[in-house]
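This is final.cif (mmCIF, C-alpha atoms).
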data_protein
loop_
_atom_site.label_atom_id
_atom_site.label_comp_id
_atom_site.auth_asym_id
_atom_site.auth_seq_id
_atom_site.Cartn_x
_atom_site.Cartn_y
_atom_site.Cartn_z
CA MET I 173 37.81 33.00 37.87
CA SER I 174 35.48 33.92 40.68
CA VAL I 175 34.62 37.55 40.04
CA ALA I 176 34.79 39.73 43.14
CA PRO I 177 32.24 42.52 43.23
CA VAL I 178 33.49 46.09 43.23
CA SER I 179 31.54 48.69 45.16
CA SER I 180 30.59 51.71 43.10
CA MET I 181 32.31 54.86 44.30
CA VAL I 182 31.43 57.62 41.87
CA LEU I 183 32.61 61.05 43.02
CA SER I 184 32.13 64.58 41.76
CA PHE I 185 35.02 65.96 39.73
CA GLU I 186 36.21 68.12 42.64
CA GLU I 187 36.03 65.20 45.10
CA ALA I 188 37.90 62.86 42.77
CA ARG I 189 40.59 65.43 42.06
CA HIS I 190 41.00 66.07 45.80
CA VAL I 191 41.44 62.33 46.45
CA VAL I 192 44.17 62.13 43.80
CA GLU I 193 45.96 65.24 45.11
CA THR I 194 45.86 63.88 48.68
CA HIS I 195 47.54 60.64 47.63
CA ALA I 196 50.01 62.46 45.40
CA ARG I 197 51.17 64.58 48.34
CA SER I 198 51.86 61.41 50.36
CA ILE I 199 54.31 59.95 47.85
CA ALA I 200 57.93 59.82 49.03
CA ALA I 201 60.69 61.48 47.02
CA PRO I 202 62.11 59.21 44.30
CA PRO I 203 65.80 58.24 43.86
CA THR I 204 68.20 60.83 42.47
CA GLU I 205 70.88 61.02 39.80
CA ASN I 206 73.44 63.58 38.65
CA VAL I 207 73.05 64.77 35.05
CA ASP I 208 74.63 67.36 32.78
CA LEU I 209 72.88 70.71 32.90
CA LEU I 210 71.55 70.50 29.33
CA ALA I 211 70.23 66.99 29.97
CA ALA I 212 68.44 68.35 33.05
CA ALA I 213 66.02 70.49 31.03
CA GLY I 214 62.48 69.60 32.10
CA ARG I 215 63.69 67.39 34.96
CA ILE I 216 62.86 67.90 38.65
CA LEU I 217 65.61 69.31 40.87
CA ALA I 218 66.57 67.14 43.86
CA VAL I 219 69.22 69.28 45.62
CA PRO I 220 69.08 73.07 46.18
CA VAL I 221 71.00 75.32 43.80
CA VAL I 222 72.88 77.92 45.88
CA ALA I 223 74.45 81.23 44.87
CA ASP I 224 78.24 80.98 44.79
CA ARG I 225 78.58 84.77 45.14
CA ASP I 226 76.40 87.87 45.37
CA ILE I 227 74.18 88.41 42.32
CA PRO I 228 75.03 90.76 40.80
CA PRO I 229 78.59 90.66 42.19
CA PHE I 230 78.90 94.46 41.70
CA PRO I 231 76.51 97.41 41.29
CA ARG I 232 75.36 96.91 37.68
CA SER I 233 74.23 99.50 35.18
CA THR I 234 70.94 98.71 33.46
CA ARG I 235 71.43 101.34 30.74
CA ASP I 236 74.00 102.70 28.33
CA GLY I 237 74.79 106.19 29.59
CA TYR I 238 76.82 107.99 32.24
CA ALA I 239 77.53 107.02 35.85
CA VAL I 240 77.01 110.08 38.03
CA ARG I 241 76.50 111.36 41.53
CA ALA I 242 72.79 112.19 41.55
CA GLN I 243 73.38 115.33 43.63
CA ASP I 244 75.57 116.73 40.83
CA LEU I 245 72.44 116.95 38.68
CA SER I 246 70.39 119.07 41.07
CA SER I 247 70.55 121.83 38.47
CA ILE I 248 69.83 120.93 34.84
CA PRO I 249 71.52 121.08 32.42
CA ALA I 250 74.70 120.01 34.18
CA THR I 251 78.16 119.69 32.68
CA LEU I 252 80.52 117.08 34.11
CA GLU I 253 84.10 116.01 33.48
CA LEU I 254 84.41 112.66 31.65
CA VAL I 255 87.10 110.58 33.40
CA ALA I 256 86.59 107.03 32.06
CA GLU I 257 84.66 104.69 29.84
CA ILE I 258 83.49 101.40 31.37
CA LYS I 259 82.27 98.48 29.29
CA ALA I 260 80.74 95.20 30.46
CA GLY I 261 83.53 92.86 31.56
CA GLU I 262 85.98 95.73 32.02
CA LYS I 263 89.20 94.88 33.82
CA LEU I 264 89.26 96.06 37.43
CA GLU I 265 92.29 98.32 36.92
CA ALA I 266 90.47 100.23 34.16
CA ILE I 267 87.62 101.24 36.48
CA PRO I 268 88.11 104.52 38.37
CA ALA I 269 88.67 104.06 42.08
CA MET I 270 86.20 106.89 42.75
CA ILE I 271 83.92 109.22 40.84
CA ALA I 272 84.51 112.56 42.50
CA PRO I 273 82.02 115.44 42.60
CA GLY I 274 81.69 117.00 39.16
CA GLN I 275 82.92 113.85 37.39
CA THR I 276 81.23 111.15 35.30
CA ALA I 277 82.13 107.95 33.49
CA ALA I 278 80.62 106.64 30.29
CA ILE I 279 79.12 103.23 31.05
CA MET I 280 77.55 100.37 29.12
CA THR I 281 74.64 98.13 30.07
CA GLY I 282 75.83 95.39 32.42
CA ALA I 283 79.04 97.19 33.39
CA PRO I 284 80.06 97.82 37.04
CA VAL I 285 79.12 101.23 38.41
CA PRO I 286 82.26 102.80 39.97
CA ALA I 287 82.47 103.88 43.60
CA GLY I 288 81.14 107.35 44.26
CA ALA I 289 78.54 107.15 41.48
CA ASP I 290 75.02 106.26 42.61
CA ALA I 291 72.96 106.55 39.39
CA VAL I 292 73.15 106.30 35.61
CA VAL I 293 71.78 108.86 33.17
CA MET I 294 70.72 107.33 29.85
CA VAL I 295 72.85 108.31 26.86
CA GLU I 296 69.78 109.82 25.17
CA TYR I 297 69.96 112.76 27.60
CA SER I 298 73.61 113.61 26.98
CA THR I 299 75.78 115.72 24.69
CA ARG I 300 79.48 114.90 24.66
CA THR I 301 82.14 117.42 23.68
CA GLY I 302 85.69 116.18 24.15
CA SER I 303 86.19 115.44 27.86
CA ARG I 304 83.01 117.25 28.87
CA VAL I 305 79.49 115.82 28.99
CA GLN I 306 76.33 117.90 29.27
CA LEU I 307 73.36 116.09 30.82
CA SER I 308 69.81 117.37 30.24
CA LYS I 309 67.90 115.20 32.71
CA GLY I 310 68.31 114.63 36.43
CA VAL I 311 68.18 111.26 38.20
CA SER I 312 67.48 109.96 41.67
CA ALA I 313 70.04 107.97 43.64
CA GLY I 314 69.81 104.30 42.59
CA GLU I 315 68.18 105.02 39.23
CA ASN I 316 69.25 102.61 36.48
CA VAL I 317 71.51 100.72 38.89
CA VAL I 318 71.05 97.22 40.33
CA PRO I 319 72.87 97.14 43.71
CA ARG I 320 75.31 94.36 44.50
CA GLY I 321 73.46 91.33 45.87
CA ALA I 322 70.04 92.76 45.00
CA GLU I 323 69.02 89.58 43.15
CA ALA I 324 70.60 87.09 45.57
CA ARG I 325 73.21 86.94 48.33
CA GLU I 326 76.08 84.48 48.41
CA LYS I 327 74.99 81.07 49.79
CA SER I 328 71.30 81.90 49.44
CA VAL I 329 69.03 79.22 47.89
CA LEU I 330 68.12 80.08 44.31
CA LEU I 331 66.21 76.93 43.33
CA ASN I 332 64.49 74.57 45.75
CA PRO I 333 64.12 70.81 45.36
CA GLY I 334 60.95 69.97 43.47
CA THR I 335 61.49 72.75 40.92
CA ARG I 336 60.96 71.77 37.30
CA LEU I 337 64.05 72.93 35.42
CA LEU I 338 62.61 75.10 32.67
CA GLU I 339 64.74 77.51 30.65
CA SER I 340 64.91 80.22 33.32
CA ALA I 341 65.96 77.71 36.00
CA ILE I 342 68.59 76.25 33.64
CA ALA I 343 69.94 79.75 33.03
CA LEU I 344 70.04 80.47 36.76
CA ALA I 345 71.91 77.23 37.47
CA ALA I 346 74.39 78.04 34.71
CA SER I 347 74.93 81.53 36.13
CA VAL I 348 76.24 80.03 39.39
CA GLY I 349 78.53 77.52 37.70
CA LYS I 350 76.38 74.38 37.78
CA SER I 351 77.52 72.32 34.80
CA SER I 352 75.60 69.39 36.29
CA VAL I 353 72.75 69.11 38.77
CA MET I 354 71.18 66.46 40.96
CA VAL I 355 67.69 65.56 39.75
CA TYR I 356 65.09 62.94 40.60
CA LYS I 357 64.93 59.88 38.40
CA ARG I 358 62.05 59.78 35.97
CA PRO I 359 59.20 57.53 37.07
CA ARG I 360 58.50 54.44 34.98
CA VAL I 361 54.87 54.45 33.89
CA ALA I 362 53.37 51.26 32.49
CA VAL I 363 50.66 51.66 29.87
CA LEU I 364 48.22 48.81 29.31
CA THR I 365 45.52 49.05 26.64
CA THR I 366 42.75 46.46 26.84
CA GLY I 367 40.15 45.10 24.45
CA ASP I 368 39.73 42.44 21.76
CA GLU I 369 38.88 45.21 19.31
CA ILE I 370 42.34 46.80 19.60
CA VAL I 371 45.22 45.94 17.24
CA GLY I 372 48.75 47.35 16.94
CA VAL I 373 49.43 50.48 14.92
CA ASP I 374 51.35 48.47 12.30
CA GLN I 375 48.55 45.94 11.81
CA ALA I 376 45.66 46.06 9.39
CA PRO I 377 42.48 46.21 11.51
CA GLY I 378 39.58 43.95 10.75
CA PRO I 379 36.11 45.28 9.96
CA THR I 380 35.27 45.71 13.67
CA GLN I 381 38.72 46.56 15.00
CA ILE I 382 40.63 49.80 15.65
CA ARG I 383 44.32 50.57 15.98
CA ASN I 384 45.89 51.23 19.36
CA SER I 385 46.02 55.02 19.59
CA ASN I 386 45.62 55.27 23.38
CA SER I 387 49.01 53.81 24.26
CA TYR I 388 50.69 56.40 22.05
CA SER I 389 48.72 59.40 23.25
CA LEU I 390 49.42 58.38 26.85
CA ALA I 391 53.11 57.84 26.10
CA ALA I 392 53.31 61.39 24.71
CA GLN I 393 51.52 62.81 27.75
CA ILE I 394 53.73 60.82 30.12
CA GLN I 395 56.91 62.08 28.47
CA ARG I 396 55.66 65.66 28.58
CA ALA I 397 54.87 65.28 32.29
CA GLY I 398 58.36 63.93 33.06
CA GLY I 399 57.96 60.16 33.01
CA ASP I 400 59.27 57.25 30.97
CA PRO I 401 56.44 55.25 29.36
CA ILE I 402 56.57 51.47 29.15
CA LEU I 403 54.10 50.16 26.58
CA LEU I 404 52.79 46.71 27.47
CA PRO I 405 51.19 44.29 25.00
CA ILE I 406 47.50 44.80 24.31
CA ALA I 407 45.43 42.87 26.86
CA PRO I 408 42.58 40.75 25.51
CA ASP I 409 39.19 40.53 27.20
CA GLU I 410 40.24 37.37 29.02
CA PRO I 411 40.79 37.37 32.81
CA ASP I 412 43.97 35.30 33.10
CA GLN I 413 45.91 37.14 30.39
CA LEU I 414 44.65 40.48 31.66
CA ARG I 415 45.77 39.59 35.17
CA ALA I 416 49.24 38.59 34.00
CA LEU I 417 49.70 41.91 32.19
CA ILE I 418 48.37 43.92 35.14
CA GLU I 419 50.87 42.16 37.41
CA GLN I 420 53.62 43.08 34.95
CA GLY I 421 52.44 46.69 34.91
CA LEU I 422 52.40 46.87 38.70
CA THR I 423 56.20 46.46 38.74
CA ALA I 424 56.43 50.04 37.40
CA ASP I 425 56.06 53.20 39.48
CA LEU I 426 52.57 53.86 38.11
CA LEU I 427 50.18 51.77 36.03
CA LEU I 428 47.78 53.35 33.54
CA MET I 429 45.18 51.15 31.91
CA THR I 430 42.76 52.13 29.18
CA GLY I 431 39.47 50.41 28.48
CA GLY I 432 37.73 47.69 30.42
CA VAL I 433 36.49 49.96 33.21
CA SER I 434 32.86 50.45 32.17
CA MET I 435 29.88 48.27 33.11
CA GLY I 436 29.87 45.90 30.15
CA ARG I 437 30.12 42.13 30.35
CA TYR I 438 33.69 42.18 29.05
CA ASP I 439 34.91 45.16 31.09
CA LEU I 440 37.07 43.10 33.42
CA VAL I 441 39.70 45.50 34.83
CA GLU I 442 37.96 46.27 38.12
CA GLN I 443 37.01 42.65 38.72
CA VAL I 444 40.55 41.41 38.11
CA LEU I 445 42.05 44.10 40.34
CA SER I 446 39.54 43.32 43.06
CA GLU I 447 40.56 39.66 43.03
CA MET I 448 44.16 40.86 43.31
CA HIS I 449 43.27 42.60 46.59
CA ALA I 450 43.56 46.10 45.12
CA GLU I 451 42.38 49.07 47.17
CA PHE I 452 40.00 51.37 45.28
CA PHE I 453 39.59 55.08 46.08
CA PHE I 454 36.97 55.77 43.43
CA THR I 455 35.48 53.90 40.50
CA GLY I 456 34.01 56.81 38.62
CA ALA I 457 33.90 60.59 38.40
CA LYS I 458 31.04 62.81 37.31
CA ILE I 459 32.82 64.23 34.28
CA GLN I 460 32.40 64.07 30.53
CA PRO I 461 34.29 62.62 28.82
CA GLY I 462 35.80 60.18 31.31
CA ARG I 463 33.11 59.15 33.79
CA PRO I 464 34.23 55.48 34.16
CA VAL I 465 37.67 56.28 35.62
CA VAL I 466 39.18 54.14 38.39
CA PHE I 467 41.86 55.10 40.92
CA GLY I 468 43.50 52.83 43.46
CA ARG I 469 46.65 51.05 44.56
CA CYS I 470 48.00 47.56 45.06
CA LYS I 471 50.87 46.22 47.16
CA LYS I 472 53.28 44.88 44.58
CA SER I 473 54.21 41.53 46.05
CA SER I 474 50.77 40.82 47.46
CA CYS I 475 48.79 41.28 44.25
CA GLY I 476 47.05 37.98 43.84
CA ALA I 477 48.90 36.36 46.72
CA GLY I 478 46.34 36.99 49.42
CA THR I 479 48.81 38.72 51.78
CA HIS I 480 49.02 42.34 52.86
CA ALA I 481 52.32 42.85 54.67
CA ARG I 482 52.52 46.47 55.75
CA ASP I 483 56.08 47.01 54.55
CA LEU I 484 55.46 45.91 50.95
CA PRO I 485 55.89 48.60 48.28
CA ILE I 486 52.77 49.76 46.50
CA THR I 487 51.93 50.84 43.00
CA TYR I 488 49.14 53.27 42.26
CA PHE I 489 46.99 52.59 39.22
CA LEU I 490 44.43 54.44 37.16
CA GLY I 491 41.94 52.72 34.92
CA LEU I 492 41.10 55.24 32.21
CA PRO I 493 38.16 54.99 29.80
CA GLY I 494 38.89 53.43 26.43
CA ASN I 495 37.52 56.22 24.25
CA PRO I 496 40.58 58.21 23.10
CA VAL I 497 39.44 61.69 24.15
CA SER I 498 38.35 60.34 27.54
CA THR I 499 41.81 58.82 27.95
CA MET I 500 43.53 62.13 27.20
CA VAL I 501 41.26 64.17 29.48
CA THR I 502 41.43 61.82 32.45
CA PHE I 503 45.22 61.66 32.18
CA GLU I 504 45.45 65.45 32.47
CA VAL I 505 43.08 65.82 35.40
CA PHE I 506 43.84 62.65 37.38
CA ALA I 507 47.03 60.91 36.23
CA ARG I 508 49.25 63.97 35.83
CA PRO I 509 49.38 64.93 39.54
CA MET I 510 50.37 61.35 40.43
CA LEU I 511 53.11 61.35 37.82
CA GLU I 512 54.38 64.75 38.96
CA ALA I 513 54.63 63.50 42.54
CA LEU I 514 56.44 60.34 41.44
CA ALA I 515 58.87 62.56 39.51
CA GLY I 516 59.68 64.53 42.67
CA GLN I 517 57.59 67.61 41.94
CA THR I 518 55.00 69.07 44.25
CA PRO I 519 51.78 68.34 42.32
CA ALA I 520 50.41 71.52 40.81
CA THR I 521 46.83 72.54 41.42
CA LEU I 522 44.67 72.51 38.32
CA LYS I 523 44.75 75.95 36.71
CA PHE I 524 42.25 77.32 34.23
CA LEU I 525 42.33 80.33 31.93
CA HIS I 526 39.15 82.25 31.17
CA ALA I 527 37.83 83.35 27.80
CA ARG I 528 34.60 84.63 26.32
CA LEU I 529 32.37 82.05 24.69
CA LYS I 530 31.87 82.70 20.97
CA SER I 531 28.64 80.74 20.54
CA GLU I 532 25.88 79.64 22.90
CA ILE I 533 26.20 76.21 24.56
CA ARG I 534 23.25 74.04 25.59
CA ILE I 535 24.07 70.91 27.58
CA LYS I 536 22.54 68.61 30.17
CA PRO I 537 23.56 69.56 33.72
CA GLY I 538 25.03 67.14 36.25
CA LEU I 539 28.56 66.55 34.92
CA THR I 540 31.72 68.65 34.78
CA ARG I 541 32.47 68.71 31.07
CA PHE I 542 35.82 69.05 29.29
CA LEU I 543 34.87 69.77 25.69
CA PRO I 544 37.41 70.12 22.83
CA ALA I 545 37.58 73.75 21.79
CA ILE I 546 39.68 76.35 19.99
CA LEU I 547 41.06 79.32 21.93
CA SER I 548 41.72 82.34 19.72
CA GLY I 549 42.26 86.09 19.95
CA GLU I 550 44.90 87.88 21.94
CA PHE I 551 45.40 90.13 24.95
CA ALA I 552 42.01 90.97 26.48
CA GLU I 553 40.11 89.60 23.48
CA ALA I 554 40.57 85.86 24.14
CA ALA I 555 37.61 83.84 22.88
CA VAL I 556 36.78 80.15 22.84
CA GLU I 557 34.53 78.08 20.63
CA LEU I 558 33.66 74.39 20.82
CA VAL I 559 34.95 72.12 18.07
CA HIS I 560 32.21 70.16 16.33
CA TRP I 561 32.78 66.58 17.42
CA GLN I 562 31.14 63.18 17.46
CA GLY I 563 31.82 62.35 21.09
CA SER I 564 34.73 60.98 23.09
CA GLY I 565 35.92 58.68 20.32
CA ASP I 566 36.50 61.56 17.88
CA ILE I 567 40.31 61.92 17.82
CA ALA I 568 40.27 64.07 14.67
CA ALA I 569 38.17 66.77 16.33
CA THR I 570 40.43 66.77 19.39
CA ALA I 571 43.51 67.10 17.16
CA ARG I 572 41.95 70.27 15.70
CA ALA I 573 41.37 71.69 19.18
CA ASN I 574 43.98 73.49 21.29
CA CYS I 575 42.15 73.47 24.62
CA TYR I 576 39.17 72.14 26.53
CA ALA I 577 36.22 74.31 27.48
CA VAL I 578 35.39 73.45 31.08
CA ILE I 579 31.69 73.56 31.93
CA SER I 580 30.55 73.28 35.54
CA PRO I 581 27.84 70.68 36.36
CA ASP I 582 25.22 73.28 37.26
CA ARG I 583 25.16 74.90 33.80
CA GLU I 584 22.55 74.04 31.16
CA GLN I 585 22.52 77.07 28.88
CA ILE I 586 25.52 79.39 28.52
CA PRO I 587 24.96 82.47 26.32
CA ALA I 588 27.56 83.71 23.85
CA GLY I 589 29.88 86.28 25.44
CA THR I 590 29.95 84.54 28.84
CA TRP I 591 33.37 84.09 30.43
CA ILE I 592 34.08 80.39 30.91
CA ALA I 593 36.98 78.32 32.21
CA VAL I 594 39.47 76.91 29.71
CA MET I 595 42.09 74.18 30.23
CA VAL I 596 44.97 74.66 27.80
CA ARG I 597 46.47 71.52 26.28
#
Please express what this file holds, its structure, as structure tokens.
Amino acid sequence: MSVAPVSSMVLSFEEARHVVETHARSIAAPPTENVDLLAAAGRILAVPVVADRDIPPFPRSTRDGYAVRAQDLSSIPATLELVAEIKAGEKLEAIPAMIAPGQTAAIMTGAPVPAGADAVVMVEYSTRTGSRVQLSKGVSAGENVVPRGAEAREKSVLLNPGTRLLESAIALAASVGKSSVMVYKRPRVAVLTTGDEIVGVDQAPGPTQIRNSNSYSLAAQIQRAGGDPILLPIAPDEPDQLRALIEQGLTADLLLMTGGVSMGRYDLVEQVLSEMHAEFFFTGAKIQPGRPVVFGRCKKSSCGAGTHARDLPITYFLGLPGNPVSTMVTFEVFARPMLEALAGQTPATLKFLHARLKSEIRIKPGLTRFLPAILSGEFAEAAVELVHWQGSGDIAATARANCYAVISPDREQIPAGTWIAVMVR
């Protein structure tokens, strides 16, 4: 094979992330399918969910107590005539047509507040004697009552397309009678691990070989992000076989490759893609771990064919470093927004928490670092400490961690007690 040179395009972390987000926002909405509501958990909504009636459909009590006219309690204590008891789900005919001046109705949380009443006094401030109730605390009009339609009006949009259907969204859809919803189909994400040193998880590795952990960590991350992973055979460090597997991977919605993207003699991914007329957006990012990360795209039918028809579909690809921790980090910061867009979701901006550093950090400046760490404490006492690790191949240390401490490239010494950014896993 005649190896085509690849121009080096190494960007800062912020620049590389911006490039990925820009391309993610340009991705068209995927196909849709109708699924049962329970099966829709975690999926991306494709069609708006609309209120089928006012929410709540009646003025709703938020407390157990007594429905009153607030003006009847201008003088405290006040004694009112008890005319009814209203529970949640009460039949309409059992609800008084009107609460007249000097009257009250016992009411339960979630029950409809009868006409005439404009507030609810909590039961804790009442003494009941037969058909009389003495109230020891006044209320303002509207207190402890949710007005009809206060949460949503009939035909108003409750959930917009692109919403990930978490538990609250599922509950909201159920509350308006949606036993099924229209969602976007999950993107198919091909995973290709490269390297002669890699063997399958069920094989006994030789003295200089390691088992294929990257395909499985990526598959777990892909599933969590809303995609369906497709694990391809391990690609050897041989151009023709690598090319055949890359072409197979490019039939998916997104191709993720691990290994083969550094500067070594047998790192062939960029060279093979270049010969296949791939378009590269960057070939490295100034981060640790994960500097040799590649992002680009290839027109599916033209890969290797020497043609570039404008109407051909394209597949985006990311070449991730082969070290396991680098693979996991670069997926989160670069691959995830692409997968979210392919799943129909508006890609989320990268969000960091902040916590106080437990112990001093000394590092070389120049790279944005994502270092395995443990976040502990609670409330305002959150603290973070780096996990002792042996570099980006140390899976065991990363498994002990629950976050990454994010260190900006201009920092060299960070004293204990400093607030730093944290990316939760």
Just so the selection is clear, what residues does the PyMOL selection byres ((chain I and resi 321-329) around 8) cover here, as a list of chain:residue names?
I:Pro220, I:Val221, I:Val222, I:Ala223, I:Asp224, I:Arg225, I:Asp226, I:Ile227, I:Pro228, I:Pro229, I:Phe230, I:Val318, I:Pro319, I:Arg320, I:Leu330, I:Leu331, I:Asn332
Selected residue of minimal separation from Arg572 of chain I among I:Gly261, I:Pro377, I:Gly516, I:Pro544, counting all atoms listed in the file: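 Between I:Gly261, I:Pro377, I:Gly516, I:Pro544, the residue approaching Arg572 of chain I most closely is I:Pro544.
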query: From the list I:Leu390, I:Ile199, I:Thr299, I:Pro461, which residue is nearest Ile486 of chain I when using all atoms listed in the file?
result: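 Going through I:Leu390, I:Ile199, I:Thr299, I:Pro461 one by one, the smallest distance to Ile486 of chain I is for I:Ile199.
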* To do: Name the residues that the PyMOL selection byres ((chain I and resi 459) around 9) picks from the file above, as a ChimeraX atom specification, using the file's chain letters and numbers.
  => /I:184-185,456-458,460-464,538-542,581
How would the residues just chosen look if you wrote them out with C-alpha atoms as an mmCIF file, in the frame of the given file?
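Heads up, here's the output in part_18.cif:
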data_model
loop_
_atom_site.group_PDB
_atom_site.id
_atom_site.type_symbol
_atom_site.label_atom_id
_atom_site.label_comp_id
_atom_site.auth_asym_id
_atom_site.auth_seq_id
_atom_site.Cartn_x
_atom_site.Cartn_y
_atom_site.Cartn_z
ATOM 1 C CA SER I 184 32.130 64.580 41.760
ATOM 2 C CA PHE I 185 35.020 65.960 39.730
ATOM 3 C CA GLY I 456 34.010 56.810 38.620
ATOM 4 C CA ALA I 457 33.900 60.590 38.400
ATOM 5 C CA LYS I 458 31.040 62.810 37.310
ATOM 6 C CA GLN I 460 32.400 64.070 30.530
ATOM 7 C CA PRO I 461 34.290 62.620 28.820
ATOM 8 C CA GLY I 462 35.800 60.180 31.310
ATOM 9 C CA ARG I 463 33.110 59.150 33.790
ATOM 10 C CA PRO I 464 34.230 55.480 34.160
ATOM 11 C CA GLY I 538 25.030 67.140 36.250
ATOM 12 C CA LEU I 539 28.560 66.550 34.920
ATOM 13 C CA THR I 540 31.720 68.650 34.780
ATOM 14 C CA ARG I 541 32.470 68.710 31.070
ATOM 15 C CA PHE I 542 35.820 69.050 29.290
ATOM 16 C CA PRO I 581 27.840 70.680 36.360
#
Quiz prompt | Among listed residues I:Met595, I:Leu414, I:Gln585, I:Ser385, nearest Ile567 of chain I (using only C-alpha atoms) | solution =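 Result for the nearest residue to Ile567 of chain I: I:Ser385.
For the pair atom CA of Phe452 of chain I and atom CA of Val192 of chain I, the separation is 11.6 Å.
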Please determine an axis-aligned box that encloses all atoms of segment 355-369 of chain I listed in the file, with 3 Å added on each side, and express its centre and edge lengths in Å to one decimal as AutoDock Vina command-line options.
--center_x 53.3 --center_y 54.0 --center_z 30.0 --size_x 34.8 --size_y 29.1 --size_z 27.3
Item to check | Distance in Å - atom CA of Tyr488 of chain I versus atom CA of Thr365 of chain I | outcome: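 Rounded to one decimal, the two atoms are 16.6 Å apart.
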Smallest atom-to-atom distance to Ala513 of chain I: which of I:Pro249, I:Ser180, I:Leu426, I:Arg232, using all atoms listed in the file?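 Going through I:Pro249, I:Ser180, I:Leu426, I:Arg232 one by one, the smallest distance to Ala513 of chain I is for I:Leu426.
When atom CA of Val182 of chain I is paired with atom CA of Ile579 of chain I, their separation reads 18.8 Å.
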(message) Since I can't run it myself right now, could you work out what the PyMOL selection byres ((chain I and resi 530-533) around 7) selects here and report it as an MDAnalysis selection string?
(response) chainID I and resid 528:529 534:535 555:557 585:589
Counting only C-alpha atoms, the residue among I:Gly334, I:Pro231, I:Pro203, I:Gly398 that lies closest to Val317 of chain I is I:Pro231
